[in-house]
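Everything below concerns the one structure shown next.
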Amino acid sequence: MHEKYYDVIIIGGGPAGLFAGIVCARNNLKTLILEKQAYPIDKACGEGIMPTGVEHLRELGIAPFVEKYPYHYFKGIRYISGKGRTAEANFAEGSGWGIQRVVFSSALLECAATLSNLEIRAGASAVYTLGENPKVNLNNTVLCPKLLIGADGLHSQVRKLANLEALFPKLKRWGVRQHFNVEPWSVFVEIYWGPGLEAYVTPVSVSSVNVSLLWDAKRYKPEHGGKKLFASLLKEFPELQERINKEDVMDESMAAGPLYQKTWSVANGKILLIGDAAGFFDPITGEGISLAAKQALLLEKIVIPILQKKNENLEKRLAEYSREFTQIYRPYHAMTRLVLLFRLWPKLTDRVIQVLHSFPALFQKLLSVNMR
Ligand SMILES: Cc1cc2nc3c(=O)[nH]c(=O)nc-3n(C[C@H](O)[C@H](O)[C@H](O)COP(=O)(O)OP(=O)(O)OC[C@H]3O[C@@H](n4cnc5c(N)ncnc54)[C@H](O)[C@@H]3O)c2cc1C
């Protein structure tokens with residue numbers, strides 16, 4: 001039987017897995033992505049890519065593929081308090097992109113297809129064992145890559161099996177999203193602050209918006225679950241409800257959570273975690289995709305040069321990667337924590353929005369700090 005060999009095998013072909021696959025393959029590493037769903041893949045997401053993320057998509061060579069598809073730019077962030085106070089700021093540099101996940105998934109796949117070293121197998125769950133030398137069973141052939149990457153999302157199995165999962169965090173926030181056939185009324189991502197929950201609206205094409213709702217299970221109990229969940233949460237935002245009608249609904253709502261997932265490290269032996277699998281805090285600062293893209297660029301800078309050589313110390317490089325990862329993850333975590341902290345007191349939320357309204361330059365600075 002013809003023995004296949006891959007330098008890198010990636011479990012999960014969402015954005016993080018595809019970003020990682022693209023950097024490996026463009027550096028001549030034979031790479032295999034195993035994705036359990038069929039493409040294009042949908043997922044609960046606010047679908048806003050921050051300007052730093054857009055910049056990373058350019059560095060990854062993905063941006064020209066995205067630009068062929070429908071998407072909508074946004075130039076900043078607008079906060080709207082429960083009392084109707086607003087504060088807004090433009091990004092200091094560049095624009096963000098709002099793009100539906102299925103559309104983004106198609107663009108990523110198109111980019112990946114241009115790389116001859118990258119193979120993607122979709123529609124089958126990966127069978128693997130993780131030890132000192134991770135092994136993947138593919139149609140009864142056992143494959144032993146130099147590096148196995150876990151890019152299997154928020155509730156990563158690779159993270160669990162590689163003993164990289166930290167204790168279950170107490171914070172239990174959830175998210176749900178739905179698309180509406182409504183012309184975007186704003187070139188901002190709008191965030192509406194409600195009692196224990198938030199709504200945010202991202203323009204995703206010239207004729208549609210994404211509405212995402214995030215809530216803290218300890219501070220807000222949704223009246224309904226299942227198909228009625230989205231509508232029951234939306235009731236908390238009458239101003240927003242006025243802008244979108246039931247008839248404008250484009251698809252079924254999709255939910256995800258609990259959102260906060262912790263790791264104690266992102267690497268173990270020949271295993272590396274990337275994207276949400278490497279740990280995720282909260283989408284309120286809109287950073288998930290940008291962080292995943294940044295991690296892929298870090299992989300390219302630090303780990304890939306070693307994989308291209310023989311007999312080099314991979315573990316040492318993965319330790320270096322982990323240190324650099326902390327440098328990018330920590331500021332995201334700190335800023336998100338700050339935002340969630342001021343959410344604990346509704347009066348403070350209102351007051352903060354008032355201050356940001358009076359000092360838009362401060363708001364802009366905070367957005368820049370968030371995106372580093
Ligand atoms: C409500 C909500 C709103 C958000 N809003 C934003 C936003 O506005 N902007 C932003 O940048 N980020 C946002 N995020 C975060 C963003 O969605 C994630 O950070 C991003 O999807 C991470 O990509 P990923 O590839 O790591 O994970 P995923 O997109 O979850 O991909 C993981 C993939 O792995 C596959 N998989 C899982 N197990 C296996 C297996 N055993 N074998 C093979 N394949 C497997 C899955 O099918 C999936 O395709 C939001 C998240 C939520 C929940």
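Residues are referred to by chain and number: the chain letter is A, B, ... according to the order shown in the structure tokens, the number counts from 1 in that chain, and ligands are numbered separately from 1 in the order shown.
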(message) Please identify all protein, DNA and RNA residues within 6 Å of ligand 1, counting only C-alpha atoms and all ligand atoms, and report them as number ranges by chain.
(response) A: 11-17, 34-37, 44-49, 125-126, 151-154, 175-176, 212, 256, 275-277, 283, 286-290
(message) Report as a PyMOL selection string all protein, DNA and RNA residues lying within 8 Å of A:His357, evaluated on only C-alpha atoms, omitting residues in the same chain fewer than 4 positions from it.
(response) chain A and resi 86-88+353
Please produce a file of those selected residues containing C-alpha atoms, as an mmCIF file, in the first residue's frame.
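Heads up, here's the output in result_10.cif:
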```
data_model
loop_
_atom_site.group_PDB
_atom_site.id
_atom_site.type_symbol
_atom_site.label_atom_id
_atom_site.label_comp_id
_atom_site.auth_asym_id
_atom_site.auth_seq_id
_atom_site.Cartn_x
_atom_site.Cartn_y
_atom_site.Cartn_z
ATOM 1 C CA THR A 86 -24.265 56.474 22.882
ATOM 2 C CA ALA A 87 -20.513 56.682 22.412
ATOM 3 C CA GLU A 88 -18.651 55.919 19.232
ATOM 4 C CA ILE A 353 -20.494 55.268 28.022
#
```
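Between A:Gln295 and the candidates A:Val127, A:Val355, A:Val23, A:Ala166, the tightest atom-to-atom separation, counting only C-alpha atoms, involves A:Val23.
Across the structure, atom CA of A:Ile284 and atom CA of A:Phe91 are spaced 16.3 Å apart.
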(request) Show which residues sit within 10 Å of A:Val136, as a list of chain:residue names. Count only C-alpha atoms, and ignore same-chain residues fewer than 4 positions away. (result)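 Residues meeting the cut-off are A:Ile9, A:Ile11, A:Leu34, A:Ala126, A:Val127, A:Tyr128, A:Thr129, A:Leu130, A:Asn140, A:Thr141, A:Val142, A:Leu143, A:Cys144, A:Pro145, A:Leu148.
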(request) Might you pull out every residue within 12 Å of A:Lys30, with only C-alpha atoms counted and same-chain residues fewer than 2 positions away left off, and present them as a VMD selection string? (result) chain A and resid 4 to 10 21 to 28 32 to 33 115 to 120 145 to 147 304 307 to 308
(request) Within 6 Å of stretch 66-74 of chain A, counting only C-alpha atoms, which residues show up once you throw out same-chain ones fewer than 4 positions away? Write them as a list in words, please. (result) Ser95, Gly96, Trp97, Gly98, Ile99, Ala107, Val187, Phe188, Pro203, Val204 and Ser205 of chain A
(message) From the options A:Gly84, A:Pro222, A:Gly150, A:Pro169, which residue's atoms come nearest to A:Leu273, counting only C-alpha atoms?
(response) A:Gly150
(message) As an exercise, work out the distance from atom CA of A:Arg372 to atom CA of A:Leu167 in Å and give it to one decimal place.
(response)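 We find that atom CA of A:Arg372 and atom CA of A:Leu167 lie 27.9 Å from each other.
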Could you pull out the residues in stretch 78-246 of chain A that DSSP calls helix (DSSP H, G or I) from the backbone, as an mmCIF file with N, CA, C and O atoms, in the first residue's frame?
```cif
data_model
loop_
_atom_site.group_PDB
_atom_site.id
_atom_site.type_symbol
_atom_site.label_atom_id
_atom_site.label_comp_id
_atom_site.auth_asym_id
_atom_site.auth_seq_id
_atom_site.Cartn_x
_atom_site.Cartn_y
_atom_site.Cartn_z
ATOM 1 N N ARG A 101 -20.124 33.807 8.195
ATOM 2 C CA ARG A 101 -19.175 32.705 8.380
ATOM 3 C C ARG A 101 -19.137 31.737 7.206
ATOM 4 O O ARG A 101 -18.080 31.281 6.809
ATOM 5 N N VAL A 102 -20.313 31.429 6.638
ATOM 6 C CA VAL A 102 -20.293 30.482 5.509
ATOM 7 C C VAL A 102 -19.548 31.087 4.321
ATOM 8 O O VAL A 102 -18.849 30.385 3.585
ATOM 9 N N VAL A 103 -19.703 32.385 4.159
ATOM 10 C CA VAL A 103 -19.027 33.076 3.054
ATOM 11 C C VAL A 103 -17.518 33.083 3.315
ATOM 12 O O VAL A 103 -16.708 32.771 2.431
ATOM 13 N N PHE A 104 -17.146 33.377 4.552
ATOM 14 C CA PHE A 104 -15.736 33.394 4.948
ATOM 15 C C PHE A 104 -15.124 32.001 4.752
ATOM 16 O O PHE A 104 -14.013 31.847 4.246
ATOM 17 N N SER A 105 -15.893 30.987 5.147
ATOM 18 C CA SER A 105 -15.442 29.607 5.016
ATOM 19 C C SER A 105 -15.158 29.281 3.543
ATOM 20 O O SER A 105 -14.133 28.675 3.213
ATOM 21 N N SER A 106 -16.032 29.729 2.637
ATOM 22 C CA SER A 106 -15.826 29.478 1.191
ATOM 23 C C SER A 106 -14.560 30.178 0.713
ATOM 24 O O SER A 106 -13.774 29.610 -0.049
ATOM 25 N N ALA A 107 -14.364 31.429 1.157
ATOM 26 C CA ALA A 107 -13.185 32.190 0.717
ATOM 27 C C ALA A 107 -11.902 31.521 1.213
ATOM 28 O O ALA A 107 -10.924 31.405 0.466
ATOM 29 N N LEU A 108 -11.925 31.045 2.460
ATOM 30 C CA LEU A 108 -10.734 30.388 3.021
ATOM 31 C C LEU A 108 -10.419 29.107 2.255
ATOM 32 O O LEU A 108 -9.264 28.817 1.947
ATOM 33 N N LEU A 109 -11.484 28.365 1.939
ATOM 34 C CA LEU A 109 -11.303 27.098 1.225
ATOM 35 C C LEU A 109 -10.716 27.348 -0.165
ATOM 36 O O LEU A 109 -9.847 26.606 -0.627
ATOM 37 N N GLU A 110 -11.191 28.431 -0.800
ATOM 38 C CA GLU A 110 -10.690 28.775 -2.139
ATOM 39 C C GLU A 110 -9.195 29.118 -2.065
ATOM 40 O O GLU A 110 -8.420 28.712 -2.925
ATOM 41 N N CYS A 111 -8.816 29.830 -1.039
ATOM 42 C CA CYS A 111 -7.405 30.180 -0.863
ATOM 43 C C CYS A 111 -6.586 28.908 -0.614
ATOM 44 O O CYS A 111 -5.546 28.699 -1.247
ATOM 45 N N ALA A 112 -7.097 28.044 0.263
ATOM 46 C CA ALA A 112 -6.380 26.808 0.609
ATOM 47 C C ALA A 112 -6.182 25.919 -0.626
ATOM 48 O O ALA A 112 -5.152 25.260 -0.770
ATOM 49 N N GLN A 157 -11.356 18.570 21.810
ATOM 50 C CA GLN A 157 -11.029 17.238 22.351
ATOM 51 C C GLN A 157 -9.518 17.075 22.430
ATOM 52 O O GLN A 157 -9.008 16.437 23.349
ATOM 53 N N VAL A 158 -8.815 17.657 21.442
ATOM 54 C CA VAL A 158 -7.356 17.548 21.444
ATOM 55 C C VAL A 158 -6.822 18.175 22.737
ATOM 56 O O VAL A 158 -5.945 17.619 23.399
ATOM 57 N N ARG A 159 -7.389 19.329 23.091
ATOM 58 C CA ARG A 159 -6.960 20.012 24.327
ATOM 59 C C ARG A 159 -7.139 19.099 25.547
ATOM 60 O O ARG A 159 -6.242 18.975 26.373
ATOM 61 N N LYS A 160 -8.282 18.439 25.597
ATOM 62 C CA LYS A 160 -8.564 17.549 26.743
ATOM 63 C C LYS A 160 -7.601 16.374 26.745
ATOM 64 O O LYS A 160 -6.973 16.065 27.754
ATOM 65 N N LEU A 161 -7.495 15.696 25.577
ATOM 66 C CA LEU A 161 -6.690 14.470 25.513
ATOM 67 C C LEU A 161 -5.199 14.738 25.670
ATOM 68 O O LEU A 161 -4.457 13.865 26.103
ATOM 69 N N GLY A 226 -34.099 26.925 22.979
ATOM 70 C CA GLY A 226 -34.355 26.397 21.632
ATOM 71 C C GLY A 226 -34.634 27.478 20.610
ATOM 72 O O GLY A 226 -33.970 28.506 20.584
ATOM 73 N N LYS A 227 -35.663 27.216 19.798
ATOM 74 C CA LYS A 227 -35.927 28.130 18.681
ATOM 75 C C LYS A 227 -36.429 29.497 19.131
ATOM 76 O O LYS A 227 -36.378 30.463 18.380
ATOM 77 N N LYS A 228 -36.959 29.551 20.390
ATOM 78 C CA LYS A 228 -37.498 30.834 20.863
ATOM 79 C C LYS A 228 -36.453 31.675 21.593
ATOM 80 O O LYS A 228 -36.729 32.798 21.999
ATOM 81 N N LEU A 229 -35.260 31.079 21.785
ATOM 82 C CA LEU A 229 -34.229 31.748 22.583
ATOM 83 C C LEU A 229 -33.884 33.133 22.041
ATOM 84 O O LEU A 229 -33.935 34.136 22.775
ATOM 85 N N PHE A 230 -33.570 33.203 20.751
ATOM 86 C CA PHE A 230 -33.091 34.466 20.181
ATOM 87 C C PHE A 230 -34.133 35.573 20.385
ATOM 88 O O PHE A 230 -33.823 36.658 20.879
ATOM 89 N N ALA A 231 -35.391 35.263 20.008
ATOM 90 C CA ALA A 231 -36.455 36.278 20.107
ATOM 91 C C ALA A 231 -36.664 36.706 21.552
ATOM 92 O O ALA A 231 -36.901 37.896 21.831
ATOM 93 N N SER A 232 -36.547 35.764 22.504
ATOM 94 C CA SER A 232 -36.789 36.129 23.900
ATOM 95 C C SER A 232 -35.673 37.045 24.424
ATOM 96 O O SER A 232 -35.922 37.930 25.226
ATOM 97 N N LEU A 233 -34.438 36.859 23.937
ATOM 98 C CA LEU A 233 -33.349 37.741 24.362
ATOM 99 C C LEU A 233 -33.469 39.115 23.701
ATOM 100 O O LEU A 233 -33.210 40.153 24.315
ATOM 101 N N LEU A 234 -33.880 39.072 22.449
ATOM 102 C CA LEU A 234 -33.973 40.332 21.686
ATOM 103 C C LEU A 234 -34.980 41.306 22.294
ATOM 104 O O LEU A 234 -34.854 42.527 22.163
ATOM 105 N N PRO A 238 -35.582 46.924 22.901
ATOM 106 C CA PRO A 238 -36.679 47.419 22.070
ATOM 107 C C PRO A 238 -36.202 48.296 20.916
ATOM 108 O O PRO A 238 -36.746 48.224 19.806
ATOM 109 N N GLU A 239 -35.144 49.082 21.172
ATOM 110 C CA GLU A 239 -34.639 49.983 20.135
ATOM 111 C C GLU A 239 -34.150 49.189 18.912
ATOM 112 O O GLU A 239 -34.362 49.583 17.766
ATOM 113 N N LEU A 240 -33.519 48.060 19.224
ATOM 114 C CA LEU A 240 -32.990 47.210 18.161
ATOM 115 C C LEU A 240 -34.117 46.436 17.483
ATOM 116 O O LEU A 240 -34.149 46.283 16.257
ATOM 117 N N GLN A 241 -35.060 46.017 18.319
ATOM 118 C CA GLN A 241 -36.198 45.240 17.801
ATOM 119 C C GLN A 241 -36.985 46.035 16.762
ATOM 120 O O GLN A 241 -37.517 45.477 15.810
ATOM 121 N N LYS A 246 -39.558 40.153 12.140
ATOM 122 C CA LYS A 246 -39.565 38.684 11.986
ATOM 123 C C LYS A 246 -39.420 38.270 10.529
ATOM 124 O O LYS A 246 -38.749 37.307 10.197
#
```
Can you list every residue in stretch 237-345 of chain A that DSSP puts in strand (DSSP E), as a short mmCIF file (atom, residue, chain, number, x, y, z; two decimals) with C-alpha atoms, in the first residue's frame?
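Produced file part_34.cif, reproduced below:
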```cif
data_model
loop_
_atom_site.label_atom_id
_atom_site.label_comp_id
_atom_site.auth_asym_id
_atom_site.auth_seq_id
_atom_site.Cartn_x
_atom_site.Cartn_y
_atom_site.Cartn_z
CA MET A 254 -27.08 29.37 16.17
CA ALA A 255 -25.80 29.32 19.75
CA ALA A 256 -22.49 28.50 21.45
CA ALA A 267 1.77 22.98 23.61
CA ASN A 268 2.67 19.54 24.87
CA ILE A 271 1.02 18.84 19.96
CA LEU A 272 0.08 22.49 19.52
CA LEU A 273 -3.28 24.17 20.04
#
```
Contacts of A:Phe280 at 10 Å or less, counting only C-alpha atoms, minus same-chain residues fewer than 6 places along, as a PDB file with N, CA, C and O atoms, in the first residue's frame?
```pdb
ATOM      1  N   GLY A 153     -11.634  23.956  17.930  1.00  0.00           N
ATOM      2  CA  GLY A 153     -12.619  24.879  18.480  1.00  0.00           C
ATOM      3  C   GLY A 153     -12.744  24.932  19.993  1.00  0.00           C
ATOM      4  O   GLY A 153     -11.959  24.361  20.748  1.00  0.00           O
ATOM      5  N   LEU A 154     -13.802  25.650  20.391  1.00  0.00           N
ATOM      6  CA  LEU A 154     -14.074  25.992  21.789  1.00  0.00           C
ATOM      7  C   LEU A 154     -14.014  24.782  22.737  1.00  0.00           C
ATOM      8  O   LEU A 154     -13.455  24.854  23.814  1.00  0.00           O
ATOM      9  N   HIS A 155     -14.636  23.680  22.321  1.00  0.00           N
ATOM     10  CA  HIS A 155     -14.701  22.514  23.210  1.00  0.00           C
ATOM     11  C   HIS A 155     -13.747  21.415  22.725  1.00  0.00           C
ATOM     12  O   HIS A 155     -14.127  20.238  22.612  1.00  0.00           O
ATOM     13  N   LEU A 259     -18.596  30.079  26.863  1.00  0.00           N
ATOM     14  CA  LEU A 259     -17.583  30.654  25.983  1.00  0.00           C
ATOM     15  C   LEU A 259     -16.176  30.654  26.573  1.00  0.00           C
ATOM     16  O   LEU A 259     -15.209  30.537  25.840  1.00  0.00           O
ATOM     17  N   TYR A 260     -16.082  30.788  27.885  1.00  0.00           N
ATOM     18  CA  TYR A 260     -14.759  30.914  28.513  1.00  0.00           C
ATOM     19  C   TYR A 260     -14.114  29.528  28.653  1.00  0.00           C
ATOM     20  O   TYR A 260     -14.635  28.668  29.366  1.00  0.00           O
ATOM     21  N   GLN A 261     -13.009  29.326  27.960  1.00  0.00           N
ATOM     22  CA  GLN A 261     -12.299  28.034  28.000  1.00  0.00           C
ATOM     23  C   GLN A 261     -10.828  28.310  28.263  1.00  0.00           C
ATOM     24  O   GLN A 261     -10.220  29.126  27.563  1.00  0.00           O
ATOM     25  N   LYS A 262     -10.292  27.627  29.267  1.00  0.00           N
ATOM     26  CA  LYS A 262      -8.914  27.920  29.669  1.00  0.00           C
ATOM     27  C   LYS A 262      -7.964  26.750  29.393  1.00  0.00           C
ATOM     28  O   LYS A 262      -8.364  25.589  29.508  1.00  0.00           O
ATOM     29  N   THR A 263      -6.726  27.107  29.086  1.00  0.00           N
ATOM     30  CA  THR A 263      -5.682  26.086  28.961  1.00  0.00           C
ATOM     31  C   THR A 263      -4.576  26.443  29.942  1.00  0.00           C
ATOM     32  O   THR A 263      -4.415  27.610  30.287  1.00  0.00           O
ATOM     33  N   GLU A 287     -12.421  39.663  18.923  1.00  0.00           N
ATOM     34  CA  GLU A 287     -11.028  39.378  18.605  1.00  0.00           C
ATOM     35  C   GLU A 287     -10.726  37.949  18.146  1.00  0.00           C
ATOM     36  O   GLU A 287      -9.589  37.670  17.762  1.00  0.00           O
ATOM     37  N   GLY A 288     -11.696  37.027  18.241  1.00  0.00           N
ATOM     38  CA  GLY A 288     -11.399  35.605  18.030  1.00  0.00           C
ATOM     39  C   GLY A 288     -10.679  35.292  16.726  1.00  0.00           C
ATOM     40  O   GLY A 288      -9.651  34.610  16.714  1.00  0.00           O
ATOM     41  N   LEU A 291      -7.170  36.874  16.521  1.00  0.00           N
ATOM     42  CA  LEU A 291      -6.201  36.143  17.347  1.00  0.00           C
ATOM     43  C   LEU A 291      -5.757  34.843  16.670  1.00  0.00           C
ATOM     44  O   LEU A 291      -4.574  34.501  16.687  1.00  0.00           O
ATOM     45  N   TYR A 329      -2.010  36.842  23.888  1.00  0.00           N
ATOM     46  CA  TYR A 329      -3.281  36.482  24.529  1.00  0.00           C
ATOM     47  C   TYR A 329      -3.565  37.377  25.757  1.00  0.00           C
ATOM     48  O   TYR A 329      -4.716  37.749  26.002  1.00  0.00           O
ATOM     49  N   TYR A 332      -5.408  40.755  25.246  1.00  0.00           N
ATOM     50  CA  TYR A 332      -6.804  40.481  24.855  1.00  0.00           C
ATOM     51  C   TYR A 332      -7.615  40.102  26.090  1.00  0.00           C
ATOM     52  O   TYR A 332      -8.725  40.596  26.321  1.00  0.00           O
ATOM     53  N   HIS A 333      -7.019  39.237  26.912  1.00  0.00           N
ATOM     54  CA  HIS A 333      -7.704  38.774  28.113  1.00  0.00           C
ATOM     55  C   HIS A 333      -7.941  39.946  29.065  1.00  0.00           C
ATOM     56  O   HIS A 333      -9.041  40.112  29.612  1.00  0.00           O
TER      57      HIS A 333
END
```
(request) Considering only C-alpha atoms, return as a list in words whatever protein or nucleic-acid residues lie within 8 Å of A:Ala199, sequence-local ones (same chain, fewer than 6 positions apart) excluded. (result)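 Once the nearby chain positions are removed, what remains is Ile191, Tyr192, Trp193, Val211, Ser212, Leu213, Leu214, Leu234 and Phe237 of chain A.
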(request) Please indicate the distance in Å from atom CA of A:Gln327 to atom CA of A:Phe281, rounded to one decimal place. (result)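 Atom-to-atom, atom CA of A:Gln327 and atom CA of A:Phe281 are spaced 15.2 Å apart.
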(request) Go through A:Leu362, A:Leu164, A:Leu57, A:Leu197 and flag the residue nearest A:Arg343, using only C-alpha atoms for the distances. (result) A:Leu197
